[in-house]
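Novice: Just one file: input00.cif, with mmCIF, C-alpha atoms.
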data_query
#
loop_
_atom_site.group_PDB
_atom_site.id
_atom_site.type_symbol
_atom_site.label_atom_id
_atom_site.label_comp_id
_atom_site.auth_asym_id
_atom_site.auth_seq_id
_atom_site.Cartn_x
_atom_site.Cartn_y
_atom_site.Cartn_z
ATOM 1 C CA MET A 1 152.022 7.992 -61.878
ATOM 2 C CA THR A 2 151.866 11.293 -60.036
ATOM 3 C CA GLU A 3 148.740 13.388 -60.007
ATOM 4 C CA GLN A 4 149.088 16.598 -61.974
ATOM 5 C CA LEU A 5 147.307 19.783 -61.077
ATOM 6 C CA PRO A 6 146.944 22.678 -63.494
ATOM 7 C CA ASN A 7 150.111 24.720 -63.941
ATOM 8 C CA ASP A 8 150.098 28.338 -62.816
ATOM 9 C CA PRO A 9 149.870 29.800 -66.348
ATOM 10 C CA GLN A 10 146.679 27.815 -66.901
ATOM 11 C CA LEU A 11 145.023 28.879 -63.646
ATOM 12 C CA GLU A 12 141.981 31.066 -63.990
ATOM 13 C CA THR A 13 142.785 34.198 -62.044
ATOM 14 C CA PHE A 14 140.282 36.268 -60.122
ATOM 15 C CA THR A 15 140.458 39.838 -58.951
ATOM 16 C CA ARG A 16 140.305 40.891 -55.313
ATOM 17 C CA THR A 17 136.779 42.207 -55.859
ATOM 18 C CA GLN A 18 135.635 38.926 -57.424
ATOM 19 C CA ILE A 19 137.033 36.894 -54.518
ATOM 20 C CA LEU A 20 135.419 39.141 -51.899
ATOM 21 C CA ILE A 21 132.058 39.177 -53.705
ATOM 22 C CA GLY A 22 132.273 35.394 -54.131
ATOM 23 C CA MET A 23 132.880 34.937 -50.399
ATOM 24 C CA GLY A 24 130.003 37.238 -49.544
ATOM 25 C CA VAL A 25 127.556 35.608 -51.952
ATOM 26 C CA THR A 26 128.553 32.111 -50.780
ATOM 27 C CA ALA A 27 128.017 33.116 -47.152
ATOM 28 C CA ILE A 28 124.583 34.573 -47.961
ATOM 29 C CA VAL A 29 123.592 31.414 -49.865
ATOM 30 C CA LEU A 30 124.702 29.144 -46.997
ATOM 31 C CA PHE A 31 122.890 31.315 -44.428
ATOM 32 C CA GLY A 32 119.814 31.260 -46.682
ATOM 33 C CA ILE A 33 119.858 27.464 -46.962
ATOM 34 C CA ALA A 34 120.209 27.192 -43.183
ATOM 35 C CA LYS A 35 117.309 29.606 -42.627
ATOM 36 C CA LEU A 36 115.037 27.786 -45.078
ATOM 37 C CA TRP A 37 115.949 24.426 -43.543
ATOM 38 C CA LEU A 38 115.066 25.732 -40.091
ATOM 39 C CA TYR A 39 111.786 27.152 -41.357
ATOM 40 C CA PHE A 40 110.541 24.269 -43.489
ATOM 41 C CA GLY A 41 112.326 21.355 -41.838
ATOM 42 C CA ASN A 42 111.045 21.859 -38.312
ATOM 43 C CA VAL A 43 114.639 21.712 -37.042
ATOM 44 C CA THR A 44 116.009 23.270 -33.872
ATOM 45 C CA ARG A 45 119.374 24.902 -34.442
ATOM 46 C CA LEU A 46 122.200 23.876 -32.157
ATOM 47 C CA GLY A 47 122.534 26.471 -29.397
ATOM 48 C CA TRP A 48 125.471 28.770 -28.829
ATOM 49 C CA GLY A 49 126.800 30.692 -25.907
ATOM 50 C CA TRP A 50 129.434 33.409 -25.825
ATOM 51 C CA ASP A 51 131.517 32.638 -22.769
ATOM 52 C CA GLY A 52 135.173 32.326 -21.872
ATOM 53 C CA VAL A 53 135.157 28.534 -21.851
ATOM 54 C CA ALA A 54 133.679 28.342 -25.360
ATOM 55 C CA ILE A 55 136.123 30.940 -26.696
ATOM 56 C CA ALA A 56 139.112 29.209 -25.103
ATOM 57 C CA GLY A 57 137.918 25.817 -26.348
ATOM 58 C CA GLY A 58 137.384 27.124 -29.878
ATOM 59 C CA VAL A 59 140.749 28.884 -30.019
ATOM 60 C CA GLY A 60 142.524 25.809 -28.652
ATOM 61 C CA LEU A 61 140.754 23.550 -31.141
ATOM 62 C CA GLY A 62 141.581 25.939 -33.992
ATOM 63 C CA LEU A 63 145.255 25.895 -33.019
ATOM 64 C CA ALA A 64 145.222 22.090 -32.843
ATOM 65 C CA ILE A 65 143.578 21.788 -36.280
ATOM 66 C CA SER A 66 146.078 24.264 -37.735
ATOM 67 C CA ALA A 67 149.040 22.350 -36.289
ATOM 68 C CA THR A 68 147.668 19.042 -37.589
ATOM 69 C CA SER A 69 146.961 20.586 -40.992
ATOM 70 C CA SER A 70 150.547 21.817 -41.147
ATOM 71 C CA LEU A 71 151.767 18.285 -40.431
ATOM 72 C CA VAL A 72 149.452 16.781 -43.065
ATOM 73 C CA TYR A 73 150.699 19.450 -45.514
ATOM 74 C CA ARG A 74 154.298 18.347 -44.954
ATOM 75 C CA LEU A 75 153.647 14.580 -45.024
ATOM 76 C CA TRP A 76 151.052 14.237 -47.821
ATOM 77 C CA PRO A 77 152.274 15.586 -51.198
ATOM 78 C CA GLY A 78 148.819 15.238 -52.781
ATOM 79 C CA TYR A 79 147.214 17.403 -50.121
ATOM 80 C CA ARG A 80 150.095 19.898 -50.324
ATOM 81 C CA ARG A 81 149.563 20.353 -54.089
ATOM 82 C CA CYS A 82 145.810 20.765 -53.629
ATOM 83 C CA ALA A 83 146.175 23.227 -50.755
ATOM 84 C CA ASP A 84 148.722 25.301 -52.683
ATOM 85 C CA PHE A 85 146.455 25.285 -55.739
ATOM 86 C CA TYR A 86 143.429 26.439 -53.741
ATOM 87 C CA LEU A 87 145.268 29.017 -51.635
ATOM 88 C CA GLN A 88 146.988 30.476 -54.687
ATOM 89 C CA ILE A 89 143.632 31.141 -56.350
ATOM 90 C CA VAL A 90 141.889 32.509 -53.261
ATOM 91 C CA LEU A 91 144.650 34.346 -51.388
ATOM 92 C CA GLU A 92 146.877 35.757 -54.124
ATOM 93 C CA PRO A 93 144.535 38.669 -55.007
ATOM 94 C CA LEU A 94 143.665 39.510 -51.387
ATOM 95 C CA VAL A 95 145.375 42.117 -49.228
ATOM 96 C CA TRP A 96 146.060 41.642 -45.513
ATOM 97 C CA PRO A 97 142.834 43.231 -44.137
ATOM 98 C CA ASP A 98 140.774 40.935 -46.397
ATOM 99 C CA LEU A 99 141.958 37.931 -44.393
ATOM 100 C CA VAL A 100 139.577 38.956 -41.603
ATOM 101 C CA TRP A 101 136.650 38.349 -43.982
ATOM 102 C CA LEU A 102 138.204 35.082 -45.131
ATOM 103 C CA GLY A 103 138.154 33.975 -41.507
ATOM 104 C CA LEU A 104 134.735 35.293 -40.532
ATOM 105 C CA LEU A 105 132.455 34.660 -43.521
ATOM 106 C CA PRO A 106 133.142 30.938 -44.120
ATOM 107 C CA GLY A 107 133.645 30.319 -40.404
ATOM 108 C CA LEU A 108 130.196 31.659 -39.554
ATOM 109 C CA SER A 109 128.132 30.575 -42.561
ATOM 110 C CA GLU A 110 129.560 27.062 -42.927
ATOM 111 C CA GLU A 111 129.269 26.312 -39.224
ATOM 112 C CA VAL A 112 125.706 27.614 -38.987
ATOM 113 C CA LEU A 113 124.669 25.367 -41.885
ATOM 114 C CA PHE A 114 126.695 22.186 -41.344
ATOM 115 C CA ARG A 115 127.029 22.033 -37.553
ATOM 116 C CA GLY A 116 124.207 24.328 -36.476
ATOM 117 C CA VAL A 117 121.397 23.038 -38.706
ATOM 118 C CA MET A 118 122.407 19.936 -40.679
ATOM 119 C CA LEU A 119 123.910 18.075 -37.720
ATOM 120 C CA PRO A 120 120.796 18.304 -35.484
ATOM 121 C CA ALA A 121 118.531 17.757 -38.506
ATOM 122 C CA VAL A 122 120.214 14.470 -39.434
ATOM 123 C CA GLY A 123 120.847 13.512 -35.817
ATOM 124 C CA LEU A 124 123.082 14.480 -32.913
ATOM 125 C CA ASN A 125 124.869 11.143 -33.214
ATOM 126 C CA ALA A 126 127.537 9.353 -35.263
ATOM 127 C CA VAL A 127 125.355 9.209 -38.384
ATOM 128 C CA GLY A 128 124.642 12.943 -38.274
ATOM 129 C CA LEU A 129 128.315 13.681 -37.615
ATOM 130 C CA ILE A 130 129.531 11.581 -40.556
ATOM 131 C CA LEU A 131 126.907 12.798 -43.053
ATOM 132 C CA SER A 132 127.308 16.478 -42.188
ATOM 133 C CA SER A 133 131.105 16.131 -42.373
ATOM 134 C CA LEU A 134 130.932 14.441 -45.776
ATOM 135 C CA CYS A 135 128.729 17.263 -47.076
ATOM 136 C CA PHE A 136 131.180 19.782 -45.630
ATOM 137 C CA GLY A 137 134.027 17.989 -47.410
ATOM 138 C CA LEU A 138 132.125 17.965 -50.714
ATOM 139 C CA LEU A 139 131.667 21.732 -50.452
ATOM 140 C CA HIS A 140 135.469 22.000 -50.664
ATOM 141 C CA LEU A 141 135.771 19.795 -53.762
ATOM 142 C CA SER A 142 136.457 22.162 -56.659
ATOM 143 C CA GLY A 143 137.426 19.355 -59.064
ATOM 144 C CA LEU A 144 138.175 15.635 -59.082
ATOM 145 C CA GLN A 145 141.908 16.306 -58.861
ATOM 146 C CA GLN A 146 141.256 18.168 -55.608
ATOM 147 C CA TRP A 147 140.044 15.053 -53.747
ATOM 148 C CA PRO A 148 142.852 15.169 -51.130
ATOM 149 C CA TYR A 149 141.653 18.638 -50.132
ATOM 150 C CA MET A 150 138.104 17.279 -49.793
ATOM 151 C CA VAL A 151 139.342 14.365 -47.656
ATOM 152 C CA TRP A 152 141.115 16.711 -45.259
ATOM 153 C CA ALA A 153 138.081 19.044 -45.149
ATOM 154 C CA THR A 154 135.928 16.033 -44.223
ATOM 155 C CA VAL A 155 138.315 15.163 -41.374
ATOM 156 C CA VAL A 156 138.189 18.772 -40.170
ATOM 157 C CA GLY A 157 134.390 18.570 -40.390
ATOM 158 C CA LEU A 158 134.447 15.505 -38.148
ATOM 159 C CA ILE A 159 136.590 17.371 -35.619
ATOM 160 C CA LEU A 160 134.416 20.491 -35.675
ATOM 161 C CA GLY A 161 131.224 18.428 -35.547
ATOM 162 C CA GLY A 162 132.629 16.378 -32.694
ATOM 163 C CA SER A 163 133.287 19.555 -30.731
ATOM 164 C CA ALA A 164 129.680 20.633 -31.327
ATOM 165 C CA LEU A 165 128.380 17.273 -30.099
ATOM 166 C CA VAL A 166 130.603 17.225 -27.016
ATOM 167 C CA THR A 167 129.973 20.815 -25.932
ATOM 168 C CA GLY A 168 126.464 21.380 -27.324
ATOM 169 C CA ASN A 169 127.705 24.865 -28.175
ATOM 170 C CA LEU A 170 127.942 26.011 -31.813
ATOM 171 C CA PHE A 171 130.214 28.863 -30.808
ATOM 172 C CA VAL A 172 133.085 26.389 -30.218
ATOM 173 C CA PRO A 173 133.339 25.127 -33.840
ATOM 174 C CA ILE A 174 132.632 28.640 -35.166
ATOM 175 C CA THR A 175 135.593 30.013 -33.215
ATOM 176 C CA ALA A 176 137.799 27.062 -34.197
ATOM 177 C CA HIS A 177 136.881 27.463 -37.870
ATOM 178 C CA ILE A 178 137.625 31.201 -37.853
ATOM 179 C CA VAL A 179 140.956 30.663 -36.079
ATOM 180 C CA THR A 180 141.944 27.881 -38.509
ATOM 181 C CA ASN A 181 141.106 30.006 -41.564
ATOM 182 C CA LEU A 182 142.986 33.007 -40.197
ATOM 183 C CA ILE A 183 146.097 31.020 -39.305
ATOM 184 C CA SER A 184 146.290 29.203 -42.648
ATOM 185 C CA SER A 185 145.785 32.382 -44.665
ATOM 186 C CA VAL A 186 148.246 34.441 -42.609
ATOM 187 C CA LEU A 187 150.918 31.720 -42.811
ATOM 188 C CA TRP A 188 150.435 31.418 -46.582
ATOM 189 C CA LYS A 189 150.730 35.189 -47.043
ATOM 190 C CA LEU A 190 153.830 35.342 -44.838
ATOM 191 C CA ASP A 191 155.441 32.476 -46.752
ATOM 192 C CA LYS A 192 154.601 34.131 -50.087
ATOM 193 C CA THR A 193 156.008 37.459 -48.907
ATOM 194 C CA GLY A 194 159.160 35.746 -47.605
ATOM 195 C CA ASN A 195 159.710 33.895 -50.866
ATOM 196 C CA GLU A 196 159.265 37.079 -52.901
ATOM 197 C CA GLY A 197 161.755 38.852 -50.652
ATOM 198 C CA ARG A 198 164.333 36.078 -51.088
ATOM 199 C CA SER A 199 163.897 36.089 -54.857
ATOM 200 C CA LEU A 200 164.745 39.820 -54.926
ATOM 201 C CA ASP A 201 168.025 39.306 -53.019
#
Can you present the structure in this file as structure tokens?
Specialist:
Amino acid sequence: MTEQLPNDPQLETFTRTQILIGMGVTAIVLFGIAKLWLYFGNVTRLGWGWDGVAIAGGVGLGLAISATSSLVYRLWPGYRRCADFYLQIVLEPLVWPDLVWLGLLPGLSEEVLFRGVMLPAVGLNAVGLILSSLCFGLLHLSGLQQWPYMVWATVVGLILGGSALVTGNLFVPITAHIVTNLISSVLWKLDKTGNEGRSLD
């Protein structure tokens, strides 16, 4: 029996303003949680350094994650349905300049919380990596039918967390996360635009 996701007519639609406000509020909440954790938890945030090696490493990792995600999208129908469902809701109302915020806000806030604070708080080891990645995956679970999307987000969390452990530099996963978000959103918009153009021919 194939898993059914809600049909387009049944999707709750959001306006561009609602999506942008939602992204901003979510980022503020995640930053707030990270700040409180640092203050009350006696945790030292993972360091970050803005240098060419970190930027190159983050961009390269982001490209690798995007390429792997594209392959998973083609090979795993369940993930493809979930990704299309999620991207339709989030990206449909947005215009091209908004994609910058879609890259920056989650990329910064999620990395500061999950890799910058949670990972060192739980432990800069395999246990910390797995637990922080599972929490990152759960953040992307919008419903039980969306579990394939959560599974892939958890895998991405492991990759991003692994890069933080290996380099000791939070700027690497931040850059990779931003690049991954930008590539996925731009490709989805281009595909949507191309399909609309073909349907008008």
Novice: Expand the PyMOL selection byres ((chain A and resi 152) around 12) into the individual residues it matches in the shown file, reporting them as a PyMOL selection string.
Specialist: chain A and resi 65-66+68-73+76+78-80+82-83+133-134+136-141+146-151+153-159
Novice: In Å, rounded to a single decimal, give me how far CA of Leu129 in chain A is from CA of Gly49 in chain A.
Specialist: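 Spanning CA of Gly49 in chain A to CA of Leu129 in chain A is a straight-line distance of 20.7 Å.
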Novice: Just the number, please: distance in Å from CA of Leu119 in chain A to CA of Gly161 in chain A, one decimal.
Specialist: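 Going from CA of Leu119 in chain A over to CA of Gly161 in chain A, I get 7.6 Å.
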Novice: Name the closest residue to Ser109 in chain A among the candidates A:Ile174, A:Leu38, A:Val95, A:Cys135; distances are taken between atoms, counting only C-alpha atoms.
Specialist: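 Closest to Ser109 in chain A of all the choices is A:Ile174.
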Novice: Any idea what the distance is between CA of Gly116 in chain A and CA of Leu170 in chain A?
Specialist: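 Computed distance, CA of Gly116 in chain A to CA of Leu170 in chain A, equals 6.2 Å.
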Novice: Neighbours of Ala27 in chain A within 10 Å (all atoms listed in the file; same-chain residues fewer than 4 positions away dropped), as JSON, numbers by chain?
Specialist: {"A": [21, 22, 23, 31, 32, 33, 104, 105, 106, 107, 108, 109, 110, 113]}
Novice: Which polymer residues have any atom within 7 Å of an atom of Gly62 in chain A, counting all atoms listed in the file, with same-chain residues fewer than 5 positions away left out, as a list in words?
Specialist: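 Counting only the stated atoms, we get Ala176, His177, Val179 and Thr180 of chain A.
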Novice: Using all atoms listed in the file, pick whichever of A:Thr167, A:Leu102, A:Gln88, A:Phe114 has the shortest atom-to-atom distance to Leu131 in chain A.
Specialist: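 Nearest to Leu131 in chain A: A:Phe114.
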Novice: In terms of the shortest atom-to-atom distance over only C-alpha atoms, which of A:Val90, A:Ile178, A:Leu75, A:Val112 is closest to Thr44 in chain A?
Specialist: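 Under the stated criterion, the closest residue is A:Val112.
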Novice: Return the single residue from A:Val59, A:Met118, A:Leu165, A:Leu144 that is closest to Leu30 in chain A, with distances computed using only C-alpha atoms.
Specialist: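 For Leu30 in chain A, the nearest of the candidates is A:Met118.
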Novice: Nearest to Thr193 in chain A among A:Ser132, A:Val172, A:Glu92, A:Ala126, with distances taken over only C-alpha atoms: which residue is it?
Specialist: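 Among the listed residues, A:Glu92 lies closest to Thr193 in chain A.
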Novice: Rebuild range 23-35 of chain A so that it carries N, CA, C and O atoms, then output the result as a PDB file, in the coordinates of the input.
Specialist:
ATOM      1  N   MET A  23     132.992  35.342 -51.806  1.00  0.00           N
ATOM      2  CA  MET A  23     132.880  34.937 -50.399  1.00  0.00           C
ATOM      3  C   MET A  23     131.574  35.426 -49.791  1.00  0.00           C
ATOM      4  O   MET A  23     130.895  34.695 -49.065  1.00  0.00           O
ATOM      5  N   GLY A  24     131.227  36.681 -50.091  1.00  0.00           N
ATOM      6  CA  GLY A  24     130.003  37.238 -49.544  1.00  0.00           C
ATOM      7  C   GLY A  24     128.755  36.531 -50.056  1.00  0.00           C
ATOM      8  O   GLY A  24     127.865  36.195 -49.278  1.00  0.00           O
ATOM      9  N   VAL A  25     128.711  36.283 -51.358  1.00  0.00           N
ATOM     10  CA  VAL A  25     127.556  35.608 -51.952  1.00  0.00           C
ATOM     11  C   VAL A  25     127.433  34.184 -51.412  1.00  0.00           C
ATOM     12  O   VAL A  25     126.336  33.726 -51.065  1.00  0.00           O
ATOM     13  N   THR A  26     128.573  33.477 -51.316  1.00  0.00           N
ATOM     14  CA  THR A  26     128.553  32.111 -50.780  1.00  0.00           C
ATOM     15  C   THR A  26     128.027  32.093 -49.351  1.00  0.00           C
ATOM     16  O   THR A  26     127.211  31.235 -48.988  1.00  0.00           O
ATOM     17  N   ALA A  27     128.486  33.044 -48.539  1.00  0.00           N
ATOM     18  CA  ALA A  27     128.017  33.116 -47.152  1.00  0.00           C
ATOM     19  C   ALA A  27     126.518  33.370 -47.092  1.00  0.00           C
ATOM     20  O   ALA A  27     125.790  32.730 -46.319  1.00  0.00           O
ATOM     21  N   ILE A  28     126.020  34.273 -47.941  1.00  0.00           N
ATOM     22  CA  ILE A  28     124.583  34.573 -47.961  1.00  0.00           C
ATOM     23  C   ILE A  28     123.788  33.341 -48.375  1.00  0.00           C
ATOM     24  O   ILE A  28     122.744  33.028 -47.787  1.00  0.00           O
ATOM     25  N   VAL A  29     124.274  32.622 -49.397  1.00  0.00           N
ATOM     26  CA  VAL A  29     123.592  31.414 -49.865  1.00  0.00           C
ATOM     27  C   VAL A  29     123.535  30.363 -48.754  1.00  0.00           C
ATOM     28  O   VAL A  29     122.488  29.753 -48.495  1.00  0.00           O
ATOM     29  N   LEU A  30     124.670  30.144 -48.068  1.00  0.00           N
ATOM     30  CA  LEU A  30     124.702  29.144 -46.997  1.00  0.00           C
ATOM     31  C   LEU A  30     123.788  29.542 -45.837  1.00  0.00           C
ATOM     32  O   LEU A  30     123.072  28.697 -45.282  1.00  0.00           O
ATOM     33  N   PHE A  31     123.800  30.838 -45.470  1.00  0.00           N
ATOM     34  CA  PHE A  31     122.890  31.315 -44.428  1.00  0.00           C
ATOM     35  C   PHE A  31     121.443  31.127 -44.863  1.00  0.00           C
ATOM     36  O   PHE A  31     120.575  30.748 -44.071  1.00  0.00           O
ATOM     37  N   GLY A  32     121.166  31.410 -46.151  1.00  0.00           N
ATOM     38  CA  GLY A  32     119.814  31.260 -46.682  1.00  0.00           C
ATOM     39  C   GLY A  32     119.328  29.818 -46.635  1.00  0.00           C
ATOM     40  O   GLY A  32     118.187  29.545 -46.247  1.00  0.00           O
ATOM     41  N   ILE A  33     120.207  28.884 -47.020  1.00  0.00           N
ATOM     42  CA  ILE A  33     119.858  27.464 -46.962  1.00  0.00           C
ATOM     43  C   ILE A  33     119.560  27.054 -45.520  1.00  0.00           C
ATOM     44  O   ILE A  33     118.582  26.349 -45.239  1.00  0.00           O
ATOM     45  N   ALA A  34     120.417  27.519 -44.597  1.00  0.00           N
ATOM     46  CA  ALA A  34     120.209  27.192 -43.183  1.00  0.00           C
ATOM     47  C   ALA A  34     118.870  27.737 -42.685  1.00  0.00           C
ATOM     48  O   ALA A  34     118.120  27.042 -41.987  1.00  0.00           O
ATOM     49  N   LYS A  35     118.559  28.974 -43.068  1.00  0.00           N
ATOM     50  CA  LYS A  35     117.309  29.606 -42.627  1.00  0.00           C
ATOM     51  C   LYS A  35     116.097  28.863 -43.182  1.00  0.00           C
ATOM     52  O   LYS A  35     115.118  28.601 -42.456  1.00  0.00           O
TER      53      LYS A  35
END
